[in-house]
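S.K.: First the structure, then my questions, so here it is.
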Amino acid sequence: MLMNYNYNSSISVKLNILSILYEFFNNFIKDFGFVCTPGCNTCCTVDVVCTTLETSFLLRNINVSPDIIPNKYYKPNISINKSASLYLKGQIPPAEESKRALSPCPLLTQEGLCSIYPYRPFACRAMISRTICKKGEEADIPPFLVYVSLVFMQIIEHLDKDGYTANLWDIIKNDSKYLVKNHSFPGILVPFEYKARIKSMIRRILNLEFEGKKLSYYLDISV
């Protein structure tokens, strides 16, 4: 059974803030010299991990047929913030139990274009590269932006802290067996040389406004 989303006022606010976060990220990375173009889809696989809020953002704009949901895909066993919380306490998160599938995303068109591009989850937005990707190779992402993306994932999970993290397909199916509880933002987990820049970025995010209030009002994150 596909997930049925109830768009109450609280969810509506969170969806608008999510849209603001997406726009900020797009503007933040635009000058880093990436070569990604329409039809460049090597990184577009079935292994898309996201939050219930991101899936809500997608499903209120796009109808996803249950017929295209793949059978095999990666299933996370812990959320980003829970993992970060353990690392910050000097503990090691549990080992992954699920294997990566890496099959092509069924939301690609016959022309190899993303059919949900304006509404795609953040994990898809973070897949950018300074060089043309080849099958089986990793994207060429500057290390600093890897941590930028990590922090964005943490903030998005914090925004949806009453929700869940899972593979996109399990959220769409509403398969509670594979939904992992989200957690609040525990702090940043980045190398020392990036901390000042990351903290500056977070402060810029918190100073953004929605309906006359800064995002710090809604997010309640300290840096």
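If you're wondering about the labels, chains in the structure tokens are A, B, ... by order shown, residues count from 1 in each chain, ligands from 1 in order shown.
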Please identify which residues in region 44-154 of chain A DSSP calls strand (DSSP E or B) from the backbone, and express them as a list of chain:residue names.

M.R.: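 Those residues are A:Thr45, A:Val49, A:Cys50, A:Thr51, A:Pro104, A:Leu108, A:Cys114.
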
S.K.: Taking the DSSP assignment computed from this structure's backbone, write out as a PyMOL selection string all residues of region 32-170 of chain A that belong to helix (DSSP H, G or I).

M.R.: chain A and resi 52-59+66-68+80-88+117-119+122-125+143-159+168-170

S.K.: Can I get the selection written as a compact mmCIF listing (two decimals), in the first residue's frame, with N, CA and C atoms?

M.R.:
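Writing the result to result_21.txt gives the following:
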```txt
# COMPACT_ATOMS: atom_id res chain seq x y z
N THR A 52 11.02 10.82 5.50
CA THR A 52 9.59 10.82 5.17
C THR A 52 9.14 12.19 4.70
N LEU A 53 9.75 13.25 5.22
CA LEU A 53 9.40 14.60 4.79
C LEU A 53 9.76 14.83 3.32
N GLU A 54 10.94 14.38 2.92
CA GLU A 54 11.35 14.52 1.52
C GLU A 54 10.44 13.73 0.60
N THR A 55 10.02 12.56 1.06
CA THR A 55 9.11 11.75 0.25
C THR A 55 7.75 12.42 0.14
N SER A 56 7.32 13.07 1.21
CA SER A 56 6.08 13.84 1.18
C SER A 56 6.17 14.97 0.17
N PHE A 57 7.32 15.65 0.14
CA PHE A 57 7.56 16.74 -0.82
C PHE A 57 7.45 16.22 -2.24
N LEU A 58 7.96 15.01 -2.47
CA LEU A 58 7.90 14.39 -3.79
C LEU A 58 6.48 13.98 -4.15
N LEU A 59 5.81 13.27 -3.24
CA LEU A 59 4.52 12.68 -3.56
C LEU A 59 3.37 13.68 -3.66
N PRO A 66 3.02 2.12 -8.21
CA PRO A 66 3.61 0.99 -7.47
C PRO A 66 4.25 -0.04 -8.40
N ASP A 67 3.88 0.01 -9.66
CA ASP A 67 4.41 -0.97 -10.62
C ASP A 67 5.90 -0.80 -10.89
N ILE A 68 6.44 0.41 -10.62
CA ILE A 68 7.85 0.64 -10.93
C ILE A 68 8.77 0.41 -9.73
N ILE A 80 21.25 9.30 9.79
CA ILE A 80 22.48 10.11 9.79
C ILE A 80 22.73 10.73 11.16
N ASN A 81 21.71 11.32 11.77
CA ASN A 81 21.90 11.98 13.06
C ASN A 81 22.19 11.00 14.19
N LYS A 82 21.58 9.83 14.14
CA LYS A 82 21.88 8.82 15.16
C LYS A 82 23.32 8.37 15.00
N SER A 83 23.76 8.16 13.77
CA SER A 83 25.14 7.76 13.52
C SER A 83 26.11 8.84 14.00
N ALA A 84 25.81 10.11 13.66
CA ALA A 84 26.67 11.21 14.09
C ALA A 84 26.72 11.32 15.61
N SER A 85 25.58 11.11 16.25
CA SER A 85 25.51 11.17 17.71
C SER A 85 26.43 10.13 18.34
N LEU A 86 26.43 8.92 17.79
CA LEU A 86 27.30 7.86 18.32
C LEU A 86 28.77 8.22 18.13
N TYR A 87 29.13 8.69 16.93
CA TYR A 87 30.51 9.08 16.68
C TYR A 87 30.97 10.19 17.62
N LEU A 88 30.09 11.17 17.86
CA LEU A 88 30.45 12.29 18.74
C LEU A 88 30.63 11.83 20.19
N TYR A 117 12.77 15.51 -11.28
CA TYR A 117 13.91 16.38 -11.00
C TYR A 117 13.63 17.54 -10.04
N PRO A 118 12.58 18.33 -10.22
CA PRO A 118 12.36 19.47 -9.30
C PRO A 118 12.05 19.03 -7.87
N TYR A 119 11.62 17.79 -7.70
CA TYR A 119 11.15 17.31 -6.40
C TYR A 119 12.00 16.18 -5.83
N PHE A 122 17.13 14.98 -1.31
CA PHE A 122 18.43 15.65 -1.20
C PHE A 122 19.58 14.74 -1.62
N ALA A 123 19.50 13.45 -1.33
CA ALA A 123 20.58 12.53 -1.70
C ALA A 123 20.86 12.61 -3.19
N CYS A 124 19.84 12.82 -3.99
CA CYS A 124 20.02 12.97 -5.44
C CYS A 124 20.67 14.32 -5.76
N ARG A 125 20.26 15.35 -5.08
CA ARG A 125 20.80 16.69 -5.30
C ARG A 125 22.29 16.75 -4.95
N PRO A 143 36.07 17.28 -1.21
CA PRO A 143 35.86 16.82 0.17
C PRO A 143 35.02 17.77 1.01
N PHE A 144 35.24 19.08 0.84
CA PHE A 144 34.47 20.05 1.61
C PHE A 144 32.98 19.89 1.34
N LEU A 145 32.60 19.66 0.08
CA LEU A 145 31.18 19.53 -0.26
C LEU A 145 30.59 18.22 0.22
N VAL A 146 31.43 17.21 0.41
CA VAL A 146 30.94 15.96 1.00
C VAL A 146 30.40 16.25 2.40
N TYR A 147 31.14 17.06 3.15
CA TYR A 147 30.71 17.40 4.51
C TYR A 147 29.57 18.41 4.50
N VAL A 148 29.53 19.27 3.51
CA VAL A 148 28.38 20.18 3.35
C VAL A 148 27.11 19.35 3.19
N SER A 149 27.17 18.35 2.30
CA SER A 149 26.01 17.50 2.05
C SER A 149 25.62 16.71 3.31
N LEU A 150 26.62 16.23 4.04
CA LEU A 150 26.36 15.51 5.28
C LEU A 150 25.58 16.38 6.26
N VAL A 151 26.00 17.63 6.40
CA VAL A 151 25.34 18.55 7.33
C VAL A 151 23.93 18.87 6.85
N PHE A 152 23.76 19.03 5.55
CA PHE A 152 22.41 19.26 5.03
C PHE A 152 21.50 18.08 5.34
N MET A 153 22.01 16.87 5.18
CA MET A 153 21.22 15.68 5.52
C MET A 153 20.85 15.68 6.99
N GLN A 154 21.78 16.12 7.84
CA GLN A 154 21.50 16.20 9.27
C GLN A 154 20.40 17.21 9.56
N ILE A 155 20.48 18.37 8.91
CA ILE A 155 19.48 19.42 9.14
C ILE A 155 18.10 18.98 8.65
N ILE A 156 18.07 18.34 7.49
CA ILE A 156 16.79 17.86 6.95
C ILE A 156 16.19 16.81 7.86
N GLU A 157 17.02 15.90 8.37
CA GLU A 157 16.52 14.89 9.31
C GLU A 157 16.00 15.57 10.58
N HIS A 158 16.72 16.59 11.06
CA HIS A 158 16.30 17.33 12.25
C HIS A 158 14.94 17.99 12.01
N LEU A 159 14.76 18.56 10.82
CA LEU A 159 13.48 19.17 10.46
C LEU A 159 12.36 18.14 10.51
N LEU A 168 13.90 5.41 -0.30
CA LEU A 168 12.72 6.05 -0.86
C LEU A 168 11.59 5.06 -1.12
N TRP A 169 11.95 3.87 -1.63
CA TRP A 169 10.93 2.90 -2.02
C TRP A 169 10.20 2.31 -0.83
N ASP A 170 10.90 2.12 0.29
CA ASP A 170 10.24 1.61 1.48
C ASP A 170 9.31 2.65 2.09
```

S.K.: Choose the residue, out of A:Asp31, A:Asp47, A:Asp175, A:Glu211, that has the smallest atom-to-atom separation from Arg130 (chain A); count only C-alpha atoms.

M.R.: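 Among the listed residues, A:Asp31 lies closest to Arg130 (chain A).
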
S.K.: What's the 8 Å shell around Leu113 (chain A), counting only C-alpha atoms, without same-chain residues fewer than 2 positions away, as a list in words?

M.R.: Pro38, Gly39, Cys40, Asn41, Leu108, Thr109, Gln110, Glu111 and Ser115 of chain A

S.K.: Applying 10 Å and only C-alpha atoms, which residues near Ser222 (chain A) remain after dropping the ones on its own chain fewer than 2 positions away? List them as a PDB file with C-alpha atoms, in the first residue's frame.

M.R.:
```pdb
ATOM      1  CA  PHE A 185      20.713  17.392  15.203  1.00  0.00           C
ATOM      2  CA  PRO A 186      23.507  16.274  17.609  1.00  0.00           C
ATOM      3  CA  GLY A 187      26.265  18.559  16.328  1.00  0.00           C
ATOM      4  CA  ILE A 188      28.579  18.618  13.323  1.00  0.00           C
ATOM      5  CA  LYS A 199      29.495  26.687  10.958  1.00  0.00           C
ATOM      6  CA  ILE A 202      24.779  26.810   9.128  1.00  0.00           C
ATOM      7  CA  ARG A 203      24.466  30.320  10.567  1.00  0.00           C
ATOM      8  CA  LEU A 206      19.470  29.765  10.312  1.00  0.00           C
ATOM      9  CA  SER A 216      16.476  29.327  13.702  1.00  0.00           C
ATOM     10  CA  LEU A 219      14.997  24.469  13.576  1.00  0.00           C
ATOM     11  CA  ASP A 220      16.380  25.267  17.051  1.00  0.00           C
TER      12      ASP A 220
END
```

S.K.: Figure out the distance between CA of Lys99 (chain A) and CA of Ile128 (chain A), please, to one decimal in Å.

M.R.: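 Computing the Euclidean distance for CA of Ile128 (chain A) and CA of Lys99 (chain A) yields 22.5 Å.
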